[in-house]
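One structure is given below, encoded as structure tokens.
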Amino acid sequence: MDVHSIKVACSSCNLRELCLPMGLNPDEMHKLDSVISSRRRIKRGTALFSTGDKFTSLYAVRSGFFKTCVTTADGRDQVTGFQMTGEIIGLDGIVSDHHSCDAIALEDAEVCVMPFDQVEQLSREFTTLQHHVHKIMSREIVRDHSVMLLLGSMRAEERLAAFLLNLVQRLHARGFSQSELILRMTREEIGSYLGMKLETVSRTFSKFVEEGIIEVKQRYVHIKDTDSLKQIVNPQTCR
């Protein structure tokens, strides 16, 4: 793993609105700068952390894409989430002081290291920071509930439509297109996350293409009809 310890200044980072709270005064921002003092570069296919590793830090994704996964009892890798620029990884380690999943870079990536004991200490001083940490945790819980809904009650078409809509919305919040995206994950990884076989994922992509909803060229996806995707997910609210 290529590890670079270089000074990071949150106050001048153009991603701070995504991963850190707004409203900190200059003194508070300076203290936060001193805590988040290094970055790590992770090569594609390597782990930021693995199951069983001691939990010491949260990581803000500065560039690149990650997947989190666990190994099931029968030895299969189950994808539990995909994380992108501006999102926080590592919350799984808080409960037991050890990580309960693997975080693998899907492309060359860089993260800001946030030592949790120091973040926790600062959050006691700054209510804004404490509130933001709670919001991040809450967002993870909501996301887990959404995945449970996907796996428990949705058909294959609904699962893939919801996945594409969620992905493009998250990317749009980071300044990317509302209708175009490059999939950093494989069809197999999408299937693992959505509880679908690889053949079903491929067949559903093809169905969306045939219906003129999306255009696909390898990993490039152009959403041509967002309303149709929304109607697949929530037919009763899109008339």
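Labeling convention for the structure tokens: chains A, B, ... as they appear, residues from 1 per chain, ligands from 1 in order of appearance.
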
Excluding segment 195-209 of chain A and any residue of its chain fewer than 4 positions from it, enumerate the residues within 8 Å of it, using only C-alpha atoms, and give them as an MDAnalysis selection string. chainID A and resid 151 156:157 160 187:188 190:191 213:216

What does the distance between atom CA of His172 of chain A and atom CA of Glu210 of chain A come to in Å, to one decimal place?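 Calculated distance between atom CA of His172 of chain A and atom CA of Glu210 of chain A is 25.4 Å.
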
Which of these residues is nearest to Gly52 of chain A, using only C-alpha atoms: A:Ala173, A:Val111, A:Ala103, A:Ile182?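 For Gly52 of chain A, the nearest of the given residues is A:Ala103.
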
From a DSSP calculation on the backbone, collect every residue of segment 96-183 of chain A in strand (DSSP E or B) and output the set as number ranges by chain. A: 98, 102-105, 109-115, 180-182

Export, as a short mmCIF file (atom, residue, chain, number, x, y, z; two decimals), in the first residue's frame, the selected residues with N, CA, C and O atoms.
```
data_model
loop_
_atom_site.label_atom_id
_atom_site.label_comp_id
_atom_site.auth_asym_id
_atom_site.auth_seq_id
_atom_site.Cartn_x
_atom_site.Cartn_y
_atom_site.Cartn_z
N HIS A 98 -12.98 -2.90 16.44
CA HIS A 98 -12.36 -3.64 15.32
C HIS A 98 -13.29 -3.54 14.12
O HIS A 98 -14.52 -3.49 14.27
N ASP A 102 -14.43 -5.45 5.04
CA ASP A 102 -13.28 -5.02 4.25
C ASP A 102 -13.69 -3.79 3.44
O ASP A 102 -14.81 -3.73 2.93
N ALA A 103 -12.79 -2.82 3.31
CA ALA A 103 -13.02 -1.66 2.44
C ALA A 103 -11.98 -1.72 1.32
O ALA A 103 -10.78 -1.56 1.57
N ILE A 104 -12.43 -1.99 0.11
CA ILE A 104 -11.54 -2.22 -1.03
C ILE A 104 -11.69 -1.08 -2.05
O ILE A 104 -12.82 -0.70 -2.40
N ALA A 105 -10.57 -0.56 -2.51
CA ALA A 105 -10.60 0.51 -3.52
C ALA A 105 -10.98 -0.08 -4.88
O ALA A 105 -10.36 -1.04 -5.34
N ALA A 109 -7.34 5.54 -5.20
CA ALA A 109 -8.13 6.44 -4.36
C ALA A 109 -7.23 7.12 -3.33
O ALA A 109 -6.10 6.70 -3.08
N GLU A 110 -7.76 8.17 -2.72
CA GLU A 110 -7.06 8.88 -1.65
C GLU A 110 -8.07 9.22 -0.56
O GLU A 110 -9.20 9.62 -0.85
N VAL A 111 -7.67 9.01 0.68
CA VAL A 111 -8.55 9.32 1.82
C VAL A 111 -7.84 10.24 2.80
O VAL A 111 -6.62 10.24 2.90
N CYS A 112 -8.64 11.04 3.50
CA CYS A 112 -8.13 11.82 4.63
C CYS A 112 -8.34 10.99 5.90
O CYS A 112 -9.44 10.47 6.13
N VAL A 113 -7.30 10.85 6.70
CA VAL A 113 -7.36 10.05 7.92
C VAL A 113 -7.86 10.91 9.08
O VAL A 113 -7.33 11.99 9.34
N MET A 114 -8.92 10.42 9.76
CA MET A 114 -9.52 11.16 10.87
C MET A 114 -9.43 10.32 12.13
O MET A 114 -10.32 9.51 12.40
N PRO A 115 -8.35 10.43 12.93
CA PRO A 115 -8.21 9.63 14.16
C PRO A 115 -9.44 9.80 15.05
O PRO A 115 -9.77 10.92 15.46
N GLU A 180 -25.60 11.01 -16.50
CA GLU A 180 -24.51 10.18 -17.02
C GLU A 180 -23.58 9.76 -15.89
O GLU A 180 -23.29 10.55 -15.00
N LEU A 181 -23.12 8.52 -15.95
CA LEU A 181 -22.18 8.05 -14.93
C LEU A 181 -21.33 6.92 -15.48
O LEU A 181 -21.70 6.25 -16.44
N ILE A 182 -20.17 6.75 -14.86
CA ILE A 182 -19.29 5.61 -15.14
C ILE A 182 -19.38 4.67 -13.94
O ILE A 182 -19.11 5.09 -12.82
#
```

Using only C-alpha atoms, pick whichever of A:Val233, A:Ile88, A:Val95, A:Val142 has the shortest atom-to-atom distance to Leu58 of chain A.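 Between A:Val233, A:Ile88, A:Val95, A:Val142, the residue approaching Leu58 of chain A most closely is A:Ile88.
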
Rank nothing, just name the residue among A:Glu87, A:Glu211, A:Glu158, A:Glu107 nearest to Gln231 of chain A, using only C-alpha atoms. A:Glu158

Counting only C-alpha atoms, the residue of A:Leu183, A:Met29, A:Ala162, A:Leu91 that sits nearest Ser146 of chain A: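 Of the candidates, the smallest distance to Ser146 of chain A is held by A:Ala162.
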
Segment 134-140 of chain A environment, 12 Å, only C-alpha atoms, sequence neighbours closer than 2 positions dropped, as number ranges by chain: A: 18-21, 58, 60, 80-83, 86-95, 120, 123-124, 127-132, 142-147

Counting only C-alpha atoms, which of A:Leu32, A:Cys69, A:Val168, A:Leu149 gets nearest to Leu229 of chain A?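 Using only C-alpha atoms, Leu229 of chain A sits closest to A:Val168.
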
Could you check the closest approach to Val70 of chain A for each of A:Phe163, A:Phe116, A:Phe176, A:Tyr193 and tell me which residue wins, using only C-alpha atoms?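 Of A:Phe163, A:Phe116, A:Phe176, A:Tyr193, the one nearest Val70 of chain A, counting only C-alpha atoms, is A:Tyr193.
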
Figure out the distance between atom CA of Arg170 of chain A and atom CA of Val119 of chain A, please, to one decimal in Å.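 Between these atoms lies a distance of 25.0 Å.
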
Could you name the residues that touch Asp53 of chain A at 9 Å or less, counting only C-alpha atoms, but leaving out those on the same chain fewer than 3 positions away, as a PDB file with C-alpha atoms, in the first residue's frame?
```
ATOM      1  CA  PHE A  49      -8.820  -1.822   6.129  1.00  0.00           C
ATOM      2  CA  SER A  50      -9.883  -5.455   6.557  1.00  0.00           C
ATOM      3  CA  GLY A  93     -15.401  -0.225  13.744  1.00  0.00           C
ATOM      4  CA  ASP A  97     -13.020  -1.303  18.269  1.00  0.00           C
ATOM      5  CA  HIS A  98     -12.363  -3.638  15.322  1.00  0.00           C
ATOM      6  CA  HIS A  99     -13.539  -3.417  11.733  1.00  0.00           C
ATOM      7  CA  SER A 100     -16.302  -5.830  10.751  1.00  0.00           C
TER       8      SER A 100
END
```

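Taking segment 58-121 of chain A and asking which residues DSSP calls alpha helix (DSSP H) on the backbone, you get Phe116, Asp117, Gln118, Val119, Glu120 and Gln121 of chain A.
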
I'd like the interatomic distance between atom CA of Ser38 of chain A and atom CA of Leu122 of chain A, to a tenth of an Å.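 So the two atoms, atom CA of Ser38 of chain A and atom CA of Leu122 of chain A, lie 17.1 Å apart.
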